[in-house]
$ cat data-v1.csv   # CSV, C-alpha atoms
chain,number,residue,atom,x,y,z
S,415,MET,CA,5.4,56.0,55.4
S,416,ALA,CA,6.6,54.5,52.1
S,417,GLY,CA,10.2,55.2,51.1
S,418,TRP,CA,11.4,56.7,47.9
S,419,ARG,CA,11.6,54.4,44.9
S,420,ARG,CA,15.2,53.4,44.2
S,421,ALA,CA,16.6,53.5,40.7
S,422,VAL,CA,17.6,50.2,39.2
S,423,GLU,CA,21.2,49.9,38.1
S,424,LEU,CA,21.3,48.9,34.5
S,425,ALA,CA,24.6,47.8,33.0
S,426,MET,CA,25.1,47.4,29.3
S,427,SER,CA,28.1,46.6,27.1
S,428,GLY,CA,29.3,48.9,24.3
S,429,GLU,CA,28.0,46.4,21.7
S,430,GLU,CA,24.6,46.4,23.3
S,431,ILE,CA,24.5,50.2,23.4
S,432,GLU,CA,25.4,50.4,19.7
S,433,THR,CA,22.7,47.9,18.8
S,434,LEU,CA,20.1,49.8,20.8
S,435,MET,CA,21.0,53.1,19.2
S,436,ALA,CA,20.6,51.5,15.7
S,437,LEU,CA,17.3,50.0,16.7
S,438,SER,CA,16.0,53.2,18.1
S,439,ARG,CA,16.6,54.9,14.7
S,440,SER,CA,15.2,52.1,12.6
S,441,ARG,CA,12.2,52.5,10.4
S,442,THR,CA,11.8,48.8,9.6
S,443,GLU,CA,11.8,47.2,13.0
S,444,PRO,CA,8.5,46.7,14.9
S,445,ALA,CA,7.4,49.7,16.9
S,446,SER,CA,7.5,47.9,20.2
S,447,ARG,CA,11.3,47.1,19.8
S,448,VAL,CA,12.1,50.6,18.7
S,449,SER,CA,10.2,52.0,21.7
S,450,ARG,CA,11.9,49.7,24.2
S,451,ALA,CA,15.3,50.4,22.8
S,452,ALA,CA,14.6,54.2,23.3
S,453,MET,CA,13.5,53.5,26.9
S,454,LEU,CA,16.7,51.7,27.8
S,455,LEU,CA,18.9,54.4,26.2
S,456,ALA,CA,17.0,57.2,27.9
S,457,TYR,CA,17.1,55.3,31.3
S,458,ARG,CA,20.9,54.9,30.9
S,459,GLU,CA,21.3,58.7,30.6
S,460,HIS,CA,18.8,59.5,33.3
S,461,PRO,CA,17.9,56.6,35.6
S,462,SER,CA,14.4,57.7,36.5
S,463,PHE,CA,11.2,55.8,35.5
S,464,PHE,CA,9.1,59.0,35.7
S,465,ALA,CA,11.5,61.1,33.8
S,466,VAL,CA,11.9,58.6,31.0
S,467,GLY,CA,8.1,58.1,30.9
S,468,GLN,CA,7.4,61.8,30.5
S,469,ARG,CA,10.1,62.2,27.9
S,470,LEU,CA,8.9,59.4,25.7
S,471,GLY,CA,5.2,59.7,26.4
S,472,VAL,CA,4.7,56.3,28.1
S,473,HIS,CA,3.6,55.3,31.6
S,474,HIS,CA,6.4,55.0,34.1
S,475,GLN,CA,5.4,51.4,34.9
S,476,THR,CA,6.0,50.5,31.3
S,477,VAL,CA,9.5,51.9,31.6
S,478,GLN,CA,10.0,50.0,34.9
S,479,ARG,CA,9.0,46.7,33.4
S,480,CYS,CA,11.3,47.1,30.5
S,481,VAL,CA,14.3,48.0,32.6
S,482,GLU,CA,13.7,45.2,35.1
S,483,ARG,CA,13.5,42.7,32.2
S,484,ALA,CA,16.8,44.1,30.8
S,485,VAL,CA,18.4,43.6,34.2
S,486,ALA,CA,17.1,40.1,34.5
S,487,TYR,CA,17.5,38.8,31.0
S,488,GLY,CA,19.7,41.2,29.1
S,489,ALA,CA,19.1,44.5,27.2
S,490,LEU,CA,18.5,42.8,23.8
S,491,THR,CA,16.2,40.1,25.2
S,492,ALA,CA,14.1,42.8,26.9
S,493,LEU,CA,13.1,44.2,23.5
S,494,ASP,CA,10.9,41.2,22.6
S,495,ASP,CA,7.6,40.2,24.1
S,496,ARG,CA,7.5,37.4,26.6
S,497,PRO,CA,6.2,34.1,25.2
S,498,ARG,CA,2.6,33.6,26.1
S,499,PRO,CA,1.0,30.2,26.7
S,500,GLY,CA,-2.0,31.1,24.5
S,501,LYS,CA,-5.3,29.4,24.4
S,502,GLU,CA,-5.4,25.6,24.4
S,503,PRO,CA,-6.3,24.2,20.9
S,504,THR,CA,-10.0,23.3,20.8
S,505,ILE,CA,-9.7,21.1,17.7
S,506,THR,CA,-8.0,17.8,18.5
S,507,PRO,CA,-5.4,16.2,16.3
S,508,GLU,CA,-7.9,13.3,15.6
S,509,ALA,CA,-10.5,15.9,14.4
S,510,LYS,CA,-7.9,17.5,12.2
S,511,ALA,CA,-6.9,14.2,10.7
S,512,TRP,CA,-10.6,13.4,10.0
S,513,LEU,CA,-11.1,16.7,8.3
S,514,VAL,CA,-8.0,16.3,6.2
S,515,SER,CA,-9.0,12.8,5.2
S,516,LEU,CA,-12.5,14.2,4.3
S,517,ALA,CA,-10.9,16.9,2.1
S,518,CYS,CA,-9.0,14.3,0.2
S,519,ASP,CA,-12.3,12.8,-1.0
S,520,LYS,CA,-14.6,14.3,-3.6
S,521,ALA,CA,-17.7,16.0,-2.5
S,522,LYS,CA,-19.9,13.8,-4.8
S,523,GLU,CA,-18.7,10.8,-2.9
S,524,HIS,CA,-20.6,12.1,0.2
S,525,GLY,CA,-23.9,12.7,-1.6
S,526,TYR,CA,-23.4,16.3,-2.8
S,527,PRO,CA,-24.0,17.5,-6.4
S,528,HIS,CA,-20.7,19.2,-6.3
S,529,GLU,CA,-17.7,17.3,-7.7
S,530,LEU,CA,-15.1,19.1,-5.6
S,531,TRP,CA,-15.2,20.6,-2.1
S,532,THR,CA,-15.4,24.3,-1.4
S,533,THR,CA,-14.1,25.4,2.0
S,534,ARG,CA,-17.6,26.7,2.9
S,535,LEU,CA,-19.2,23.3,2.0
S,536,LEU,CA,-16.5,21.4,3.8
S,537,ALA,CA,-17.0,23.5,6.9
S,538,ARG,CA,-20.7,22.9,6.8
S,539,HIS,CA,-20.3,19.2,6.3
S,540,ALA,CA,-17.9,19.0,9.2
S,541,ARG,CA,-20.3,20.9,11.5
S,542,GLU,CA,-23.1,18.5,10.6
S,543,ASN,CA,-21.3,15.2,10.6
S,544,GLY,CA,-18.2,15.8,12.8
S,545,PRO,CA,-20.0,15.3,16.2
S,546,ALA,CA,-21.6,12.1,15.0
S,547,ALA,CA,-18.1,10.8,14.0
S,548,GLY,CA,-16.9,11.5,17.6
S,549,HIS,CA,-15.4,15.0,17.0
S,550,ASP,CA,-17.6,17.4,19.1
S,551,CYS,CA,-15.0,20.1,18.7
S,552,LEU,CA,-16.0,20.5,15.0
S,553,ALA,CA,-19.6,21.5,15.9
S,554,ASN,CA,-18.8,25.3,15.5
S,555,LEU,CA,-16.2,25.0,12.8
S,556,VAL,CA,-16.1,28.0,10.4
S,557,GLN,CA,-14.8,28.4,6.9
S,558,GLY,CA,-11.7,30.5,7.9
S,559,ARG,CA,-10.6,27.8,10.3
S,560,VAL,CA,-10.9,25.2,7.6
S,561,CYS,CA,-8.7,27.3,5.3
S,562,LYS,CA,-6.0,27.5,8.0
S,563,LEU,CA,-6.1,23.8,8.8
S,564,LEU,CA,-5.9,22.8,5.1
S,565,GLY,CA,-3.2,25.4,4.5
S,566,HIS,CA,-1.0,23.9,7.2
S,567,GLU,CA,-1.2,20.5,5.3
S,568,GLU,CA,-0.8,22.2,1.9
S,569,ILE,CA,-4.1,20.8,0.6
S,570,LYS,CA,-6.3,22.6,-1.8
S,571,PRO,CA,-9.3,20.4,-2.6
S,572,HIS,CA,-11.1,23.1,-4.6
S,573,LYS,CA,-8.4,23.2,-7.3
S,574,VAL,CA,-7.5,20.8,-10.1
S,575,ARG,CA,-4.1,20.3,-11.6
S,576,TYR,CA,-4.0,18.3,-14.8
S,577,TYR,CA,-1.5,15.6,-15.6
S,578,LEU,CA,-0.9,13.3,-18.6
S,579,GLU,CA,-1.1,9.5,-17.9
S,580,ARG,CA,1.1,7.3,-20.1
S,581,ARG,CA,-1.1,4.7,-21.6
S,582,ASP,CA,1.2,3.8,-24.5
S,583,ALA,CA,3.4,0.8,-23.7
S,584,GLU,CA,5.8,1.9,-26.5
S,585,PHE,CA,6.0,5.5,-25.3
S,586,GLU,CA,9.7,5.3,-24.5
S,587,GLN,CA,10.7,3.9,-27.8
S,588,LYS,CA,8.6,6.4,-29.8
S,589,MET,CA,10.1,9.2,-27.7
S,590,ALA,CA,13.6,8.1,-28.5
S,591,GLU,CA,12.8,8.0,-32.2
S,592,VAL,CA,11.5,11.5,-32.2
S,593,LEU,CA,14.5,12.8,-30.3
S,594,CYS,CA,16.8,11.1,-32.9
S,595,VAL,CA,15.0,12.9,-35.6
S,596,TYR,CA,15.6,16.3,-34.0
S,597,ARG,CA,19.2,15.3,-33.4
S,598,GLU,CA,19.5,14.5,-37.1
S,599,VAL,CA,18.0,17.9,-37.9
S,600,GLN,CA,20.8,19.6,-35.9
S,601,VAL,CA,23.5,17.6,-37.7
S,602,LEU,CA,22.0,18.5,-41.1
S,603,LYS,CA,21.8,22.2,-40.2
S,604,LYS,CA,25.4,22.3,-39.1
S,605,ALA,CA,26.4,20.5,-42.3
S,606,ALA,CA,24.4,23.0,-44.5
S,607,ALA,CA,26.2,25.9,-42.8
S,608,LYS,CA,29.6,24.7,-44.1
S,609,PRO,CA,30.5,25.5,-47.7
S,610,LYS,CA,30.6,22.4,-49.8
S,611,LYS,CA,29.5,20.9,-53.1
S,612,PRO,CA,25.7,20.8,-53.5
S,613,GLY,CA,24.3,17.4,-52.8
S,614,LYS,CA,20.9,15.7,-52.7
S,615,PRO,CA,18.3,18.0,-51.1
S,616,VAL,CA,16.8,16.7,-47.8
S,617,ALA,CA,13.6,17.8,-46.2
S,618,ILE,CA,12.3,16.8,-42.8
S,619,VAL,CA,8.7,17.8,-42.1
S,620,SER,CA,6.8,17.6,-38.8
S,621,TYR,CA,3.1,17.3,-39.7
S,622,ASP,CA,0.0,17.6,-37.6
S,623,GLU,CA,-3.7,18.2,-38.1
S,624,LYS,CA,-6.5,19.8,-36.1
S,625,PRO,CA,-10.0,19.1,-37.4
S,626,GLY,CA,-13.3,20.6,-36.2
S,627,ILE,CA,-12.2,24.2,-35.8
S,628,GLN,CA,-15.3,26.4,-35.4
S,629,ALA,CA,-15.5,29.2,-38.0
S,630,ILE,CA,-17.2,32.1,-36.2
S,631,ALA,CA,-18.0,35.5,-37.6
S,632,THR,CA,-19.2,38.7,-36.0
S,633,THR,CA,-22.7,40.1,-36.6
S,634,ALA,CA,-21.7,43.8,-36.2
S,635,PRO,CA,-18.5,45.8,-36.7
S,636,ASP,CA,-16.1,46.3,-33.8
S,637,LEU,CA,-16.3,49.6,-32.0
S,638,PRO,CA,-12.8,51.3,-31.8
S,639,PRO,CA,-11.4,52.7,-28.5
S,640,VAL,CA,-12.4,56.3,-27.5
S,641,PRO,CA,-9.8,58.3,-25.5
S,642,GLY,CA,-11.1,59.1,-22.1
S,643,ALA,CA,-14.1,56.8,-22.5
S,644,TYR,CA,-13.4,53.3,-23.8
S,645,ALA,CA,-9.9,51.9,-23.6
S,646,THR,CA,-10.4,48.7,-25.7
S,647,PHE,CA,-12.2,47.5,-28.7
S,648,ALA,CA,-15.9,46.6,-28.1
S,649,ARG,CA,-17.3,43.5,-29.8
S,650,ASP,CA,-20.9,42.3,-30.0
S,651,TYR,CA,-21.7,39.2,-28.0
S,652,GLU,CA,-23.7,37.6,-30.8
S,653,TYR,CA,-21.9,35.7,-33.6
S,654,LYS,CA,-22.5,33.7,-36.7
S,655,ARG,CA,-21.6,30.0,-37.2
S,656,HIS,CA,-20.0,29.0,-40.5
S,657,GLY,CA,-19.6,25.3,-39.7
S,658,THR,CA,-16.2,23.8,-39.0
S,659,LEU,CA,-12.8,23.7,-40.8
S,660,SER,CA,-9.8,21.4,-40.7
S,661,LEU,CA,-6.3,22.7,-40.4
S,662,LEU,CA,-3.5,20.6,-41.8
S,663,ALA,CA,0.0,22.0,-41.3
S,664,GLY,CA,3.6,20.9,-41.6
S,665,ILE,CA,6.8,22.7,-40.6
S,666,ASP,CA,10.1,22.1,-42.4
S,667,LEU,CA,12.5,21.5,-39.5
S,668,LEU,CA,15.5,22.5,-41.6
S,669,THR,CA,14.2,25.8,-42.9
S,670,GLY,CA,11.5,26.6,-40.4
S,671,LYS,CA,8.9,27.3,-43.1
S,672,VAL,CA,5.3,26.3,-42.3
S,673,HIS,CA,3.1,24.8,-45.0
S,674,ALA,CA,-0.6,25.0,-44.1
S,675,LEU,CA,-3.9,24.0,-45.7
S,676,VAL,CA,-7.4,24.8,-44.5
S,677,ARG,CA,-10.2,22.6,-45.9
S,678,ASP,CA,-13.9,22.3,-45.2
S,679,ARG,CA,-13.8,18.5,-45.0
S,680,HIS,CA,-11.3,16.0,-43.8
S,681,ARG,CA,-12.5,12.6,-44.7
S,682,LYS,CA,-9.3,10.5,-44.9
S,683,PRO,CA,-5.8,11.0,-43.7
S,684,GLY,CA,-3.3,11.8,-46.4
S,685,VAL,CA,-5.7,13.0,-49.1
S,686,HIS,CA,-4.3,16.5,-49.0
S,687,ARG,CA,-0.8,17.0,-50.1
S,688,ILE,CA,1.4,19.7,-48.5
S,689,PRO,CA,3.2,21.7,-51.1
S,690,GLN,CA,7.0,20.9,-51.1
S,691,ALA,CA,9.5,23.7,-50.4
S,692,SER,CA,11.0,25.0,-53.6
$ encode --input "data-v1.csv" --output "structure tokens"
Amino acid sequence: MAGWRRAVELAMSGEEIETLMALSRSRTEPASRVSRAAMLLAYREHPSFFAVGQRLGVHHQTVQRCVERAVAYGALTALDDRPRPGKEPTITPEAKAWLVSLACDKAKEHGYPHELWTTRLLARHARENGPAAGHDCLANLVQGRVCKLLGHEEIKPHKVRYYLERRDAEFEQKMAEVLCVYREVQVLKKAAAKPKKPGKPVAIVSYDEKPGIQAIATTAPDLPPVPGAYATFARDYEYKRHGTLSLLAGIDLLTGKVHALVRDRHRKPGVHRIPQAS
């Protein structure tokens, strides 16, 4: 005849008890940690697996495993799950390297009409060509797995980030000249703020042009918003073309005033004169 199950002696320090009490009342900790903290505190008051299980609504074997782990490894360590070995990775490091190298190419370089890869296209290409390259583990590769593998390497082959290549050999010199002009503007502004005798007027204008602006007009009036029905203005998709215009503008760096001209034609640079500030 089997004997009675003996209670396991659980010893905890005062600091551990305070930590467990705080965890048992927490609303931000994982539910598993909160539940195990409550088990250990309840078992400390009444050392019975069955009684604690009935009180907390869990199986008595769950309470027993939690208490035995607390005795073996400590009360706070027993709150976390045991590390599990997990499934062996099916995709080899060589296959991952091959996939990442493939993602660093353009899709059009591999015979596709697409310029850039999409994760779906990349997964399909890996399934079709991976085994032939010696990576049989990629035969069942899915899109979600591709996203995870590329995410670990911080590679996004479907996105483009623009940059500006320096093609001017005199870029550094020109940049220094422009910065000197703006520094001169600061000096002139400080000098103008101080009361002194009127001197020779100075104007520094930063000038630029933008030709070929499309002049587009609507074919129907905009419809206003209607409360409870339409929140924004509504505009007809069709439009009229009125050719192109050229915008020539200059900003007085001392006063901040903008002088602008709009012309139908822009045949030669400098044929239009920006009005001077009065």
$ atom_distance --input "data-v1.csv" --atom1 "CA of Glu423 in chain S" --atom2 "CA of Val448 in chain S"
21.4 Å
$ closest_residue --input "data-v1.csv" --among "S:Leu434, S:Ala511, S:Val599, S:Val485" --to "Arg447 in chain S" --atoms "all atoms listed in the file"
S:Leu434
$ residues_around --input "data-v1.csv" --residues "Val619 in chain S" --least-positions-apart "3" --cutoff "8 Å" --atoms "only C-alpha atoms" --output "PyMOL selection string"
chain S and resi 664-667
$ closest_residue --input "data-v1.csv" --among "S:His656, S:Lys510, S:Arg469, S:Arg649" --to "Asp550 in chain S" --atoms "only C-alpha atoms"
S:Lys510
$ closest_residue --input "data-v1.csv" --among "S:Arg441, S:Arg458, S:Arg581, S:Arg450" --to "Ala425 in chain S" --atoms "only C-alpha atoms"
S:Arg458
$ atom_distance --input "data-v1.csv" --atom1 "CA of Glu443 in chain S" --atom2 "CA of His460 in chain S"
24.7 Å
$ closest_residue --input "data-v1.csv" --among "S:Arg534, S:Arg655, S:His680, S:Arg496" --to "Gln557 in chain S" --atoms "only C-alpha atoms"
S:Arg534
$ atom_distance --input "data-v1.csv" --atom1 "CA of Lys501 in chain S" --atom2 "CA of Arg541 in chain S"
21.5 Å
$ residues_around --input "data-v1.csv" --residues "range 585-595 of chain S" --least-positions-apart "2" --cutoff "12 Å" --atoms "all atoms listed in the file" --output "number ranges by chain"
S: 579-583, 597-602, 617-620, 667-668
$ write_last_selection --input "data-v1.csv" --atoms "C-alpha atoms" --output "mmCIF file, in the coordinates of the input"
data_model
loop_
_atom_site.group_PDB
_atom_site.id
_atom_site.type_symbol
_atom_site.label_atom_id
_atom_site.label_comp_id
_atom_site.auth_asym_id
_atom_site.auth_seq_id
_atom_site.Cartn_x
_atom_site.Cartn_y
_atom_site.Cartn_z
ATOM 1 C CA GLU S 579 -1.100 9.500 -17.900
ATOM 2 C CA ARG S 580 1.100 7.300 -20.100
ATOM 3 C CA ARG S 581 -1.100 4.700 -21.600
ATOM 4 C CA ASP S 582 1.200 3.800 -24.500
ATOM 5 C CA ALA S 583 3.400 0.800 -23.700
ATOM 6 C CA ARG S 597 19.200 15.300 -33.400
ATOM 7 C CA GLU S 598 19.500 14.500 -37.100
ATOM 8 C CA VAL S 599 18.000 17.900 -37.900
ATOM 9 C CA GLN S 600 20.800 19.600 -35.900
ATOM 10 C CA VAL S 601 23.500 17.600 -37.700
ATOM 11 C CA LEU S 602 22.000 18.500 -41.100
ATOM 12 C CA ALA S 617 13.600 17.800 -46.200
ATOM 13 C CA ILE S 618 12.300 16.800 -42.800
ATOM 14 C CA VAL S 619 8.700 17.800 -42.100
ATOM 15 C CA SER S 620 6.800 17.600 -38.800
ATOM 16 C CA LEU S 667 12.500 21.500 -39.500
ATOM 17 C CA LEU S 668 15.500 22.500 -41.600
#
$ closest_residue --input "data-v1.csv" --among "S:Arg677, S:Lys624, S:His539, S:Lys614" --to "Ala517 in chain S" --atoms "all atoms listed in the file"
S:His539
$ residues_around --input "data-v1.csv" --residues "His474 in chain S" --least-positions-apart "4" --cutoff "6 Å" --atoms "only C-alpha atoms" --output "list in words"
Phe463, Phe464 and Gly467 of chain S
$ write_last_selection --input "data-v1.csv" --atoms "C-alpha atoms" --output "short mmCIF file (atom, residue, chain, number, x, y, z; two decimals), in the coordinates of the input"
data_model
loop_
_atom_site.label_atom_id
_atom_site.label_comp_id
_atom_site.auth_asym_id
_atom_site.auth_seq_id
_atom_site.Cartn_x
_atom_site.Cartn_y
_atom_site.Cartn_z
CA PHE S 463 11.20 55.80 35.50
CA PHE S 464 9.10 59.00 35.70
CA GLY S 467 8.10 58.10 30.90
#
$ residues_around --input "data-v1.csv" --residues "Thr646 in chain S" --least-positions-apart "6" --cutoff "12 Å" --atoms "all atoms listed in the file" --output "JSON, numbers by chain"
{"S": [636, 637, 638, 639, 640]}
$ residues_near_point --input "data-v1.csv" --point "(14.3, 59.5, 29.7)" --cutoff "12 Å" --atoms "all atoms listed in the file" --output "list of chain:residue names"
S:Ser449, S:Arg450, S:Ala451, S:Ala452, S:Met453, S:Leu454, S:Leu455, S:Ala456, S:Tyr457, S:Arg458, S:Glu459, S:His460, S:Pro461, S:Ser462, S:Phe463, S:Phe464, S:Ala465, S:Val466, S:Gly467, S:Gln468, S:Arg469, S:Leu470, S:Gly471, S:Val472, S:His473, S:His474, S:Val477, S:Gln478, S:Val481
$ residues_near_point --input "data-v1.csv" --point "(-10.6, 14.8, 17.6)" --cutoff "12 Å" --atoms "only C-alpha atoms" --output "list in words"
Pro503, Thr504, Ile505, Thr506, Pro507, Glu508, Ala509, Lys510, Ala511, Trp512, Leu513, Val514, Ala540, Gly544, Pro545, Ala546, Ala547, Gly548, His549, Asp550, Cys551, Leu552 and Ala553 of chain S
$ closest_residue --input "data-v1.csv" --among "S:Ile627, S:Cys518, S:Ala674, S:Leu536" --to "Ser660 in chain S" --atoms "only C-alpha atoms"
S:Ile627
$ residues_around --input "data-v1.csv" --residues "Ala484 in chain S" --least-positions-apart "2" --cutoff "10 Å" --atoms "only C-alpha atoms" --output "list of chain:residue names"
S:Leu424, S:Ala425, S:Met426, S:Arg450, S:Leu454, S:Gln478, S:Arg479, S:Cys480, S:Val481, S:Glu482, S:Ala486, S:Tyr487, S:Gly488, S:Ala489, S:Leu490, S:Thr491, S:Ala492, S:Leu493
